[in-house]
Protein chains: 2
Amino acid sequence: MAEFEVTMKSLYAIGVDLGGTNLRVGVIRDDGHVEADAAVPVGTEKSADRIASLIGEHVALMQNQTSLPLTGCGCGIPGIVDSDRGIVFNSPNFPDWQDVPILKLLEKSITLPLLIDNDANMFALAELLFGAGKGRHNLIMLTLGSGIGGGIVIDGKVFHGDRGFAGEVGHIVVEPDGVPCGCKSHGCWEQYAAGRAFTHLVHRLPKHEREAVLAEVYGDANQLSPELIASLAGRGNTIAKELWRSYGRYLGIGIASLINVLGITTIVIGGGIARSWDYFIDACRAEIMSRTYHKNVVQLKLLPASLGENTGIVGAASAMFQRRP
Amino acid sequence: MAEFEVTMKSLYAIGVDLGGTNLRVGVIRDDGHVEADAAVPVGTEKSADRIASLIGEHVALMQNQTSLPLTGCGCGIPGIVDSDRGIVFNSPNFPDWQDVPILKLLEKSITLPLLIDNDANMFALAELLFGAGKGRHNLIMLTLGSGIGGGIVIDGKVFHGDRGFAGEVGHIVVEPDGVPCGCKSHGCWEQYAAGRAFTHLVHRLPKHEREAVLAEVYGDANQLSPELIASLAGRGNTIAKELWRSYGRYLGIGIASLINVLGITTIVIGGGIARSWDYFIDACRAEIMSRTYHKNVVQLKLLPASLGENTGIVGAASAMFQRRP
């Protein structure tokens, strides 16, 4: 048998994570290692043309700074994204964007093979490959912020549904006659388990408890951010702790529905609200266990996201590695 | 170039559809054609051993009656089924079955290659390949009976989730503080959009309307079956028609959540209650449209199941064709 040398060459790609405030760009190795990364403010002029130029400029800077061979560039974008056609239908962070052909705009300045996808999908892929969900085949990723971002990974690949709309989990109906949502429906999960949850949940408290909490914010329920309630709970406020349990209960209600539909029991939870993990997770878990078939959730894993600020760029580059022929 | 003859040989398999009342067995061609079929009553002795023998006996009869070469035998079974391990965790139609190794029991008498799956999954596969969803890649199948059976097909294959529990859609939470469900949770979708829906929905009517409907059933809300309300609506009863619109609204609430999660917009609806299609479908559609992103549902298809009583055996055989190497 002839001797020969097996060389396993690493691959590299650029990952882009566009947020409402910051743009992150990095060079990622195919084992998830971040070779280089940078963050720049997005600024106030948020037209699609300007943002596409900004991305192009910083991708070029990254390319110029590295001598590594690059497979391509993956971009995670907040909003409803048709990955196949390269279109952003809309975006909570860029309200003027409507049916923006962002892939075409990016191709004006980026010559690398390009792909785009919803940012939550990129987070989900990164957590499955290199983070909290490592070693699993299927995963549901939830990002708890002003809304609930969702990403579903099936057999190691992001699941998009018919046309890119899979994972809009924030709009699961949890209260048929509930409060209005920005999506024009009402009673959506993200009204009860994301940024505005406490504004709504406080109204369910007995009057004297409600007044006690509102006194802390000078009577304005709209000020009841997760950060504020976490801060109150941290100072030992029992009403704040009870509000977090209500929050956990609603988080669990939606997760139970996801588990009953998808039969996926690895749930990775990130986003700012996940920092208050200890305040809500027990109530969340109890609600899930009471609403799912016990043999289904025997291996339930509720896991905090583990990759931090680089999740988006790692996931975006990973999507590129998966796409290459 | 040498001349040769291309012969596309058809494949054949046995499909089994086990119901709570009848067992259906058939010989199916790989284009969905039913070559032969038979139905027998299940009888009252419903132990797993007895049912496995009954299936084996009728599969053998089918084998003896056909000269066609058989690829294998697929069995659809009502309940929560671990297809990979061949286990039925439980079954609404066979209450004594707990963790039954049905595949092993069937192998005692069936020598063909065998597979089992949840019956709703078999229905879903059949409707995608040969029925209402023909030509699609993805499909959600709902069977509206005493509960809501669910089957999810992704890229032409039944989706099972981590361990066979995908598609338990009847237990999506639609009313967090709602009525108890047989699964020990409460407020499950199937309490409001399956066999017992009207028993619950009647309590939401104004008192005089409720009394008028209950007078028709001698005061017993438990008698308000879908058949009865359909019969009343058929006679022009406006309260019964309003109850069907409430039913349609709840059906739409759950479907909207499924669409938001899965991004799949081909929904095939079967089961006995689907026969009252015209009474509920407009309210159902309106609810879906108000709770989903408009670009997602632009191609919404709400389709009645089209394969009739042979759906189960066609789907079961099709699963066998898909599995063969």
# chains A, B, ... in the order shown; residues from 1 in each chain; ligands from 1
call {"tool": "interface_residues", "arguments": {"of": "chain A", "to": "chain B", "cutoff": "6 Å", "atoms": "only C-alpha atoms", "output": "MDAnalysis selection string"}}
result
chainID A and resid 161:162 165:169 172:174 185 257 260:264 290:291
call {"tool": "residues_around", "arguments": {"residues": "Glu190 in chain A", "least_positions_apart": "2", "cutoff": "6 Å", "atoms": "only C-alpha atoms", "output": "ChimeraX atom specification"}}
result
/A:147-148,170,188,192-194
call {"tool": "atom_distance", "arguments": {"atom1": "CA of Asn90 in chain B", "atom2": "CA of Leu251 in chain B"}}
result
25.0 Å
call {"tool": "select_by_dssp", "arguments": {"residues": "range 85-213 of chain B", "states": "alpha helix (DSSP H)", "output": "JSON, numbers by chain"}}
result
{"B": [102, 103, 104, 105, 106, 107, 119, 120, 121, 122, 123, 124, 125, 126, 127, 128, 129, 130, 189, 190, 191, 192, 193, 197, 198, 199, 200, 201, 207, 208, 209, 210, 211, 212, 213]}
call {"tool": "select_by_dssp", "arguments": {"residues": "range 63-162 of chain A", "states": "strand (DSSP E)", "output": "PDB file with N, CA, C and O atoms, in the first residue's frame"}}
result
ATOM      1  N   CYS A  73     -18.995  34.026   3.508  1.00  0.00           N
ATOM      2  CA  CYS A  73     -19.436  34.947   4.552  1.00  0.00           C
ATOM      3  C   CYS A  73     -20.905  34.687   4.862  1.00  0.00           C
ATOM      4  O   CYS A  73     -21.752  34.714   3.969  1.00  0.00           O
ATOM      5  N   GLY A  74     -21.192  34.398   6.131  1.00  0.00           N
ATOM      6  CA  GLY A  74     -22.577  34.223   6.571  1.00  0.00           C
ATOM      7  C   GLY A  74     -23.011  35.416   7.404  1.00  0.00           C
ATOM      8  O   GLY A  74     -22.238  35.915   8.215  1.00  0.00           O
ATOM      9  N   CYS A  75     -24.251  35.880   7.166  1.00  0.00           N
ATOM     10  CA  CYS A  75     -24.761  37.060   7.891  1.00  0.00           C
ATOM     11  C   CYS A  75     -26.043  36.720   8.640  1.00  0.00           C
ATOM     12  O   CYS A  75     -27.027  36.294   8.033  1.00  0.00           O
ATOM     13  N   GLY A  76     -26.030  36.961   9.939  1.00  0.00           N
ATOM     14  CA  GLY A  76     -27.245  36.837  10.732  1.00  0.00           C
ATOM     15  C   GLY A  76     -27.918  38.189  10.862  1.00  0.00           C
ATOM     16  O   GLY A  76     -27.274  39.180  11.200  1.00  0.00           O
ATOM     17  N   ILE A  77     -29.217  38.216  10.573  1.00  0.00           N
ATOM     18  CA  ILE A  77     -29.957  39.480  10.541  1.00  0.00           C
ATOM     19  C   ILE A  77     -31.222  39.335  11.382  1.00  0.00           C
ATOM     20  O   ILE A  77     -31.949  38.353  11.232  1.00  0.00           O
ATOM     21  N   ILE A  80     -37.601  38.714   9.989  1.00  0.00           N
ATOM     22  CA  ILE A  80     -38.110  37.574   9.232  1.00  0.00           C
ATOM     23  C   ILE A  80     -37.373  37.534   7.897  1.00  0.00           C
ATOM     24  O   ILE A  80     -37.453  38.468   7.098  1.00  0.00           O
ATOM     25  N   VAL A  81     -36.618  36.464   7.713  1.00  0.00           N
ATOM     26  CA  VAL A  81     -35.658  36.385   6.619  1.00  0.00           C
ATOM     27  C   VAL A  81     -35.992  35.196   5.721  1.00  0.00           C
ATOM     28  O   VAL A  81     -36.188  34.090   6.214  1.00  0.00           O
ATOM     29  N   ASP A  82     -36.084  35.444   4.431  1.00  0.00           N
ATOM     30  CA  ASP A  82     -36.156  34.355   3.458  1.00  0.00           C
ATOM     31  C   ASP A  82     -34.729  34.072   3.005  1.00  0.00           C
ATOM     32  O   ASP A  82     -34.186  34.767   2.149  1.00  0.00           O
ATOM     33  N   ILE A  87     -33.997  37.699   1.134  1.00  0.00           N
ATOM     34  CA  ILE A  87     -34.862  38.849   1.416  1.00  0.00           C
ATOM     35  C   ILE A  87     -35.161  38.955   2.914  1.00  0.00           C
ATOM     36  O   ILE A  87     -35.396  37.951   3.579  1.00  0.00           O
ATOM     37  N   VAL A  88     -35.132  40.194   3.423  1.00  0.00           N
ATOM     38  CA  VAL A  88     -35.621  40.451   4.783  1.00  0.00           C
ATOM     39  C   VAL A  88     -37.023  41.038   4.647  1.00  0.00           C
ATOM     40  O   VAL A  88     -37.205  42.137   4.118  1.00  0.00           O
ATOM     41  N   PHE A  89     -38.030  40.284   5.117  1.00  0.00           N
ATOM     42  CA  PHE A  89     -39.411  40.773   4.995  1.00  0.00           C
ATOM     43  C   PHE A  89     -39.654  41.949   5.927  1.00  0.00           C
ATOM     44  O   PHE A  89     -40.219  42.952   5.533  1.00  0.00           O
ATOM     45  N   ASN A  90     -39.236  41.788   7.173  1.00  0.00           N
ATOM     46  CA  ASN A  90     -39.271  42.926   8.093  1.00  0.00           C
ATOM     47  C   ASN A  90     -38.345  42.635   9.259  1.00  0.00           C
ATOM     48  O   ASN A  90     -37.846  41.511   9.409  1.00  0.00           O
ATOM     49  N   LEU A 114     -21.889  34.219  -0.271  1.00  0.00           N
ATOM     50  CA  LEU A 114     -22.654  34.881   0.783  1.00  0.00           C
ATOM     51  C   LEU A 114     -23.906  34.089   1.130  1.00  0.00           C
ATOM     52  O   LEU A 114     -24.515  33.485   0.251  1.00  0.00           O
ATOM     53  N   LEU A 115     -24.289  34.130   2.384  1.00  0.00           N
ATOM     54  CA  LEU A 115     -25.641  33.681   2.740  1.00  0.00           C
ATOM     55  C   LEU A 115     -26.158  34.546   3.873  1.00  0.00           C
ATOM     56  O   LEU A 115     -25.381  35.110   4.646  1.00  0.00           O
ATOM     57  N   ILE A 116     -27.477  34.629   3.957  1.00  0.00           N
ATOM     58  CA  ILE A 116     -28.090  35.334   5.081  1.00  0.00           C
ATOM     59  C   ILE A 116     -29.089  34.399   5.766  1.00  0.00           C
ATOM     60  O   ILE A 116     -29.578  33.444   5.162  1.00  0.00           O
ATOM     61  N   ASP A 117     -29.346  34.683   7.022  1.00  0.00           N
ATOM     62  CA  ASP A 117     -30.417  33.981   7.735  1.00  0.00           C
ATOM     63  C   ASP A 117     -30.802  34.821   8.944  1.00  0.00           C
ATOM     64  O   ASP A 117     -30.081  35.752   9.332  1.00  0.00           O
ATOM     65  N   ASN A 118     -31.911  34.472   9.509  1.00  0.00           N
ATOM     66  CA  ASN A 118     -32.371  35.077  10.754  1.00  0.00           C
ATOM     67  C   ASN A 118     -31.323  34.880  11.855  1.00  0.00           C
ATOM     68  O   ASN A 118     -30.721  33.816  11.958  1.00  0.00           O
ATOM     69  N   LEU A 139     -32.521  20.732  18.452  1.00  0.00           N
ATOM     70  CA  LEU A 139     -32.449  21.754  19.511  1.00  0.00           C
ATOM     71  C   LEU A 139     -33.443  22.871  19.214  1.00  0.00           C
ATOM     72  O   LEU A 139     -33.698  23.203  18.057  1.00  0.00           O
ATOM     73  N   ILE A 140     -34.008  23.406  20.291  1.00  0.00           N
ATOM     74  CA  ILE A 140     -34.805  24.633  20.186  1.00  0.00           C
ATOM     75  C   ILE A 140     -34.051  25.720  20.935  1.00  0.00           C
ATOM     76  O   ILE A 140     -33.697  25.539  22.098  1.00  0.00           O
ATOM     77  N   MET A 141     -33.790  26.826  20.255  1.00  0.00           N
ATOM     78  CA  MET A 141     -33.099  27.955  20.895  1.00  0.00           C
ATOM     79  C   MET A 141     -34.089  29.088  21.071  1.00  0.00           C
ATOM     80  O   MET A 141     -34.810  29.451  20.135  1.00  0.00           O
ATOM     81  N   LEU A 142     -34.134  29.639  22.285  1.00  0.00           N
ATOM     82  CA  LEU A 142     -35.003  30.780  22.571  1.00  0.00           C
ATOM     83  C   LEU A 142     -34.148  31.947  23.031  1.00  0.00           C
ATOM     84  O   LEU A 142     -33.272  31.781  23.882  1.00  0.00           O
ATOM     85  N   THR A 143     -34.381  33.117  22.464  1.00  0.00           N
ATOM     86  CA  THR A 143     -33.670  34.313  22.891  1.00  0.00           C
ATOM     87  C   THR A 143     -34.679  35.262  23.523  1.00  0.00           C
ATOM     88  O   THR A 143     -35.580  35.766  22.845  1.00  0.00           O
ATOM     89  N   LEU A 144     -34.542  35.451  24.830  1.00  0.00           N
ATOM     90  CA  LEU A 144     -35.509  36.234  25.582  1.00  0.00           C
ATOM     91  C   LEU A 144     -35.032  37.673  25.672  1.00  0.00           C
ATOM     92  O   LEU A 144     -34.154  38.004  26.466  1.00  0.00           O
ATOM     93  N   ILE A 148     -39.397  37.226  21.792  1.00  0.00           N
ATOM     94  CA  ILE A 148     -38.776  35.901  21.917  1.00  0.00           C
ATOM     95  C   ILE A 148     -38.303  35.464  20.537  1.00  0.00           C
ATOM     96  O   ILE A 148     -39.112  35.242  19.635  1.00  0.00           O
ATOM     97  N   GLY A 149     -36.989  35.400  20.379  1.00  0.00           N
ATOM     98  CA  GLY A 149     -36.435  34.883  19.134  1.00  0.00           C
ATOM     99  C   GLY A 149     -36.400  33.372  19.207  1.00  0.00           C
ATOM    100  O   GLY A 149     -36.144  32.801  20.269  1.00  0.00           O
ATOM    101  N   GLY A 150     -36.673  32.713  18.098  1.00  0.00           N
ATOM    102  CA  GLY A 150     -36.672  31.261  18.104  1.00  0.00           C
ATOM    103  C   GLY A 150     -35.867  30.700  16.953  1.00  0.00           C
ATOM    104  O   GLY A 150     -35.902  31.228  15.838  1.00  0.00           O
ATOM    105  N   GLY A 151     -35.133  29.653  17.222  1.00  0.00           N
ATOM    106  CA  GLY A 151     -34.420  28.929  16.172  1.00  0.00           C
ATOM    107  C   GLY A 151     -34.587  27.448  16.425  1.00  0.00           C
ATOM    108  O   GLY A 151     -34.472  26.985  17.562  1.00  0.00           O
ATOM    109  N   ILE A 152     -34.908  26.700  15.371  1.00  0.00           N
ATOM    110  CA  ILE A 152     -35.124  25.256  15.502  1.00  0.00           C
ATOM    111  C   ILE A 152     -34.078  24.550  14.648  1.00  0.00           C
ATOM    112  O   ILE A 152     -33.956  24.839  13.457  1.00  0.00           O
ATOM    113  N   VAL A 153     -33.321  23.666  15.266  1.00  0.00           N
ATOM    114  CA  VAL A 153     -32.338  22.880  14.519  1.00  0.00           C
ATOM    115  C   VAL A 153     -32.795  21.427  14.526  1.00  0.00           C
ATOM    116  O   VAL A 153     -33.106  20.877  15.583  1.00  0.00           O
ATOM    117  N   ILE A 154     -32.888  20.845  13.335  1.00  0.00           N
ATOM    118  CA  ILE A 154     -33.312  19.460  13.167  1.00  0.00           C
ATOM    119  C   ILE A 154     -32.228  18.708  12.411  1.00  0.00           C
ATOM    120  O   ILE A 154     -31.795  19.154  11.346  1.00  0.00           O
ATOM    121  N   LYS A 157     -29.299  20.774  11.179  1.00  0.00           N
ATOM    122  CA  LYS A 157     -29.489  21.891  10.253  1.00  0.00           C
ATOM    123  C   LYS A 157     -30.623  22.792  10.735  1.00  0.00           C
ATOM    124  O   LYS A 157     -31.615  22.311  11.275  1.00  0.00           O
ATOM    125  N   VAL A 158     -30.483  24.085  10.470  1.00  0.00           N
ATOM    126  CA  VAL A 158     -31.567  25.009  10.789  1.00  0.00           C
ATOM    127  C   VAL A 158     -32.807  24.625   9.983  1.00  0.00           C
ATOM    128  O   VAL A 158     -32.719  24.370   8.773  1.00  0.00           O
TER     129      VAL A 158
END
call {"tool": "atom_distance", "arguments": {"atom1": "CA of Gly72 in chain B", "atom2": "CA of Ile14 in chain B"}}
result
6.3 Å
call {"tool": "residues_around", "arguments": {"residues": "range 64-71 of chain A", "least_positions_apart": "3", "cutoff": "12 Å", "atoms": "only C-alpha atoms", "output": "MDAnalysis selection string"}}
result
chainID A and resid 9:15 26:30 35:38 57:61 74 111:115 317:325
call {"tool": "write_last_selection", "arguments": {"atoms": "C-alpha atoms", "output": "PDB file, in the first residue's frame"}}
result
ATOM      1  CA  LYS A   9      -7.155  21.381   6.487  1.00  0.00           C
ATOM      2  CA  SER A  10      -9.241  23.702   8.587  1.00  0.00           C
ATOM      3  CA  LEU A  11     -11.778  25.915   6.882  1.00  0.00           C
ATOM      4  CA  TYR A  12     -12.406  29.552   7.680  1.00  0.00           C
ATOM      5  CA  ALA A  13     -15.333  31.879   7.025  1.00  0.00           C
ATOM      6  CA  ILE A  14     -16.452  35.334   7.978  1.00  0.00           C
ATOM      7  CA  GLY A  15     -19.421  35.559  10.307  1.00  0.00           C
ATOM      8  CA  GLY A  26     -15.352  37.857  12.811  1.00  0.00           C
ATOM      9  CA  VAL A  27     -13.190  35.244  11.165  1.00  0.00           C
ATOM     10  CA  ILE A  28     -14.258  31.799  12.366  1.00  0.00           C
ATOM     11  CA  ARG A  29     -12.567  28.428  11.996  1.00  0.00           C
ATOM     12  CA  ASP A  30     -14.796  25.444  11.231  1.00  0.00           C
ATOM     13  CA  GLU A  35      -9.693  33.856  14.925  1.00  0.00           C
ATOM     14  CA  ALA A  36     -10.514  37.554  14.920  1.00  0.00           C
ATOM     15  CA  ASP A  37     -13.508  39.674  15.743  1.00  0.00           C
ATOM     16  CA  ALA A  38     -14.629  43.271  15.890  1.00  0.00           C
ATOM     17  CA  GLU A  57     -16.899  47.796   4.645  1.00  0.00           C
ATOM     18  CA  HIS A  58     -16.229  45.782   7.789  1.00  0.00           C
ATOM     19  CA  VAL A  59     -16.154  42.456   5.966  1.00  0.00           C
ATOM     20  CA  ALA A  60     -13.510  43.974   3.660  1.00  0.00           C
ATOM     21  CA  LEU A  61     -11.509  45.194   6.669  1.00  0.00           C
ATOM     22  CA  GLY A  74     -22.577  34.223   6.571  1.00  0.00           C
ATOM     23  CA  THR A 111     -17.249  39.159  -3.358  1.00  0.00           C
ATOM     24  CA  LEU A 112     -17.116  36.080  -1.105  1.00  0.00           C
ATOM     25  CA  PRO A 113     -19.870  33.444  -1.362  1.00  0.00           C
ATOM     26  CA  LEU A 114     -22.654  34.881   0.783  1.00  0.00           C
ATOM     27  CA  LEU A 115     -25.641  33.681   2.740  1.00  0.00           C
ATOM     28  CA  ALA A 317     -19.956  31.258   9.694  1.00  0.00           C
ATOM     29  CA  SER A 318     -21.128  27.723  10.550  1.00  0.00           C
ATOM     30  CA  ALA A 319     -24.136  28.105   8.259  1.00  0.00           C
ATOM     31  CA  MET A 320     -21.652  28.983   5.513  1.00  0.00           C
ATOM     32  CA  PHE A 321     -19.544  25.873   6.207  1.00  0.00           C
ATOM     33  CA  GLN A 322     -22.700  23.740   5.991  1.00  0.00           C
ATOM     34  CA  ARG A 323     -23.725  25.237   2.667  1.00  0.00           C
ATOM     35  CA  ARG A 324     -20.444  24.791   0.793  1.00  0.00           C
ATOM     36  CA  PRO A 325     -20.610  21.955  -1.718  1.00  0.00           C
TER      37      PRO A 325
END
call {"tool": "residues_around", "arguments": {"residues": "range 20-23 of chain A", "least_positions_apart": "5", "cutoff": "10 Å", "atoms": "only C-alpha atoms", "output": "ChimeraX atom specification"}}
result
/A:38-44,46,51,54-55,58,77-78,91-94,313
call {"tool": "write_last_selection", "arguments": {"atoms": "all heavy atoms", "output": "tab-separated table (two decimals), in the first residue's frame"}}
result
chain	number	residue	atom	x	y	z
A	38	ALA	N	-14.53	41.83	15.66
A	38	ALA	CA	-14.63	43.27	15.89
A	38	ALA	C	-16.10	43.64	16.01
A	38	ALA	O	-16.97	42.96	15.46
A	38	ALA	CB	-13.99	44.03	14.72
A	39	ALA	N	-16.36	44.71	16.74
A	39	ALA	CA	-17.74	45.21	16.86
A	39	ALA	C	-17.73	46.71	16.57
A	39	ALA	O	-16.81	47.42	16.99
A	39	ALA	CB	-18.28	44.95	18.26
A	40	VAL	N	-18.73	47.15	15.83
A	40	VAL	CA	-18.87	48.60	15.56
A	40	VAL	C	-20.33	48.99	15.80
A	40	VAL	O	-21.24	48.18	15.58
A	40	VAL	CB	-18.48	48.97	14.10
A	40	VAL	CG1	-16.99	48.83	13.90
A	40	VAL	CG2	-19.25	48.12	13.10
A	41	PRO	N	-20.55	50.24	16.23
A	41	PRO	CA	-21.93	50.68	16.40
A	41	PRO	C	-22.61	50.79	15.04
A	41	PRO	O	-21.99	51.16	14.04
A	41	PRO	CB	-21.80	52.06	17.04
A	41	PRO	CG	-20.37	52.21	17.44
A	41	PRO	CD	-19.58	51.29	16.58
A	42	VAL	N	-23.89	50.44	15.02
A	42	VAL	CA	-24.66	50.51	13.78
A	42	VAL	C	-24.97	51.97	13.41
A	42	VAL	O	-25.04	52.30	12.22
A	42	VAL	CB	-25.97	49.70	13.94
A	42	VAL	CG1	-26.97	50.03	12.85
A	42	VAL	CG2	-25.65	48.21	13.93
A	43	GLY	N	-25.11	52.81	14.41
A	43	GLY	CA	-25.42	54.21	14.15
A	43	GLY	C	-26.90	54.44	13.96
A	43	GLY	O	-27.72	53.51	14.07
A	44	THR	N	-27.25	55.66	13.70
A	44	THR	CA	-28.68	56.02	13.68
A	44	THR	C	-29.30	55.95	12.29
A	44	THR	O	-30.51	55.82	12.16
A	44	THR	CB	-28.88	57.44	14.24
A	44	THR	OG1	-27.98	58.32	13.55
A	44	THR	CG2	-28.59	57.49	15.73
A	46	LYS	N	-30.37	54.01	9.53
A	46	LYS	CA	-30.54	52.56	9.44
A	46	LYS	C	-31.17	52.10	8.13
A	46	LYS	O	-31.80	51.05	8.07
A	46	LYS	CB	-31.36	52.07	10.63
A	46	LYS	CG	-30.65	52.29	11.96
A	46	LYS	CD	-31.34	51.60	13.12
A	46	LYS	CE	-30.51	51.75	14.39
A	46	LYS	NZ	-31.05	51.04	15.54
A	51	ILE	N	-26.78	50.22	5.81
A	51	ILE	CA	-26.37	49.07	6.62
A	51	ILE	C	-25.61	48.06	5.77
A	51	ILE	O	-24.59	47.50	6.20
A	51	ILE	CB	-27.60	48.40	7.29
A	51	ILE	CG1	-28.28	49.38	8.27
A	51	ILE	CG2	-27.20	47.12	8.01
A	51	ILE	CD1	-27.46	49.78	9.47
A	54	LEU	N	-22.18	49.36	5.35
A	54	LEU	CA	-21.43	49.22	6.60
A	54	LEU	C	-20.93	47.78	6.77
A	54	LEU	O	-19.76	47.55	7.12
A	54	LEU	CB	-22.35	49.60	7.78
A	54	LEU	CG	-21.70	49.62	9.17
A	54	LEU	CD1	-20.80	50.84	9.32
A	54	LEU	CD2	-22.77	49.60	10.27
A	55	ILE	N	-21.81	46.82	6.49
A	55	ILE	CA	-21.40	45.41	6.58
A	55	ILE	C	-20.28	45.14	5.58
A	55	ILE	O	-19.24	44.55	5.93
A	55	ILE	CB	-22.60	44.46	6.34
A	55	ILE	CG1	-23.64	44.61	7.46
A	55	ILE	CG2	-22.14	43.01	6.24
A	55	ILE	CD1	-24.94	43.83	7.23
A	58	HIS	N	-16.89	46.49	6.69
A	58	HIS	CA	-16.23	45.78	7.79
A	58	HIS	C	-15.87	44.35	7.42
A	58	HIS	O	-14.92	43.80	7.97
A	58	HIS	CB	-17.07	45.88	9.07
A	58	HIS	CG	-17.00	47.25	9.65
A	58	HIS	ND1	-15.99	47.65	10.50
A	58	HIS	CD2	-17.76	48.36	9.44
A	58	HIS	CE1	-16.15	48.93	10.81
A	58	HIS	NE2	-17.22	49.39	10.18
A	77	ILE	N	-29.22	38.22	10.57
A	77	ILE	CA	-29.96	39.48	10.54
A	77	ILE	C	-31.22	39.33	11.38
A	77	ILE	O	-31.95	38.35	11.23
A	77	ILE	CB	-30.31	39.83	9.07
A	77	ILE	CG1	-29.02	40.04	8.27
A	77	ILE	CG2	-31.21	41.06	9.00
A	77	ILE	CD1	-29.22	40.18	6.79
A	78	PRO	N	-31.49	40.30	12.25
A	78	PRO	CA	-32.72	40.19	13.05
A	78	PRO	C	-33.94	40.42	12.17
A	78	PRO	O	-33.92	41.31	11.32
A	78	PRO	CB	-32.57	41.31	14.09
A	78	PRO	CG	-31.66	42.31	13.45
A	78	PRO	CD	-30.75	41.54	12.52
A	91	SER	N	-38.09	43.67	10.06
A	91	SER	CA	-37.13	43.53	11.15
A	91	SER	C	-37.53	44.44	12.29
A	91	SER	O	-37.78	45.63	12.08
A	91	SER	CB	-35.74	43.90	10.65
A	91	SER	OG	-34.84	43.94	11.75
A	92	PRO	N	-37.61	43.89	13.51
A	92	PRO	CA	-37.96	44.75	14.64
A	92	PRO	C	-36.94	45.86	14.86
A	92	PRO	O	-37.27	46.93	15.33
A	92	PRO	CB	-38.00	43.78	15.83
A	92	PRO	CG	-37.20	42.59	15.40
A	92	PRO	CD	-37.35	42.51	13.91
A	93	ASN	N	-35.67	45.60	14.50
A	93	ASN	CA	-34.62	46.58	14.74
A	93	ASN	C	-34.48	47.61	13.64
A	93	ASN	O	-33.85	48.65	13.83
A	93	ASN	CB	-33.28	45.87	14.92
A	93	ASN	CG	-33.31	44.88	16.08
A	93	ASN	OD1	-33.48	43.69	15.88
A	93	ASN	ND2	-33.19	45.40	17.28
A	94	PHE	N	-35.05	47.30	12.48
A	94	PHE	CA	-34.95	48.21	11.33
A	94	PHE	C	-36.35	48.40	10.76
A	94	PHE	O	-36.70	47.82	9.73
A	94	PHE	CB	-33.97	47.63	10.29
A	94	PHE	CG	-32.60	47.37	10.85
A	94	PHE	CD1	-32.26	46.11	11.32
A	94	PHE	CD2	-31.67	48.40	10.94
A	94	PHE	CE1	-31.01	45.87	11.87
A	94	PHE	CE2	-30.40	48.17	11.49
A	94	PHE	CZ	-30.08	46.89	11.95
A	313	ILE	N	-21.78	35.41	15.34
A	313	ILE	CA	-20.79	35.29	14.25
A	313	ILE	C	-20.36	33.84	14.06
A	313	ILE	O	-20.12	33.40	12.93
A	313	ILE	CB	-19.57	36.23	14.47
A	313	ILE	CG1	-18.87	35.99	15.81
A	313	ILE	CG2	-20.01	37.70	14.36
A	313	ILE	CD1	-17.57	36.82	15.98
call {"tool": "atom_distance", "arguments": {"atom1": "CA of Lys108 in chain B", "atom2": "CA of Ala316 in chain B"}}
result
19.5 Å
call {"tool": "closest_residue", "arguments": {"among": "A:Arg245, A:Val16, A:Leu300, A:Leu105", "to": "Trp277 in chain A", "atoms": "only C-alpha atoms"}}
result
A:Arg245
call {"tool": "residues_around", "arguments": {"residues": "Glu242 in chain B", "least_positions_apart": "3", "cutoff": "10 Å", "atoms": "only C-alpha atoms", "output": "ChimeraX atom specification"}}
result
/B:205,233,237-239,245-248,279-280,283
call {"tool": "closest_residue", "arguments": {"among": "A:Gly145, A:Gly270, A:Glu45, A:Ser225", "to": "Thr311 in chain A", "atoms": "only C-alpha atoms"}}
result
A:Gly270
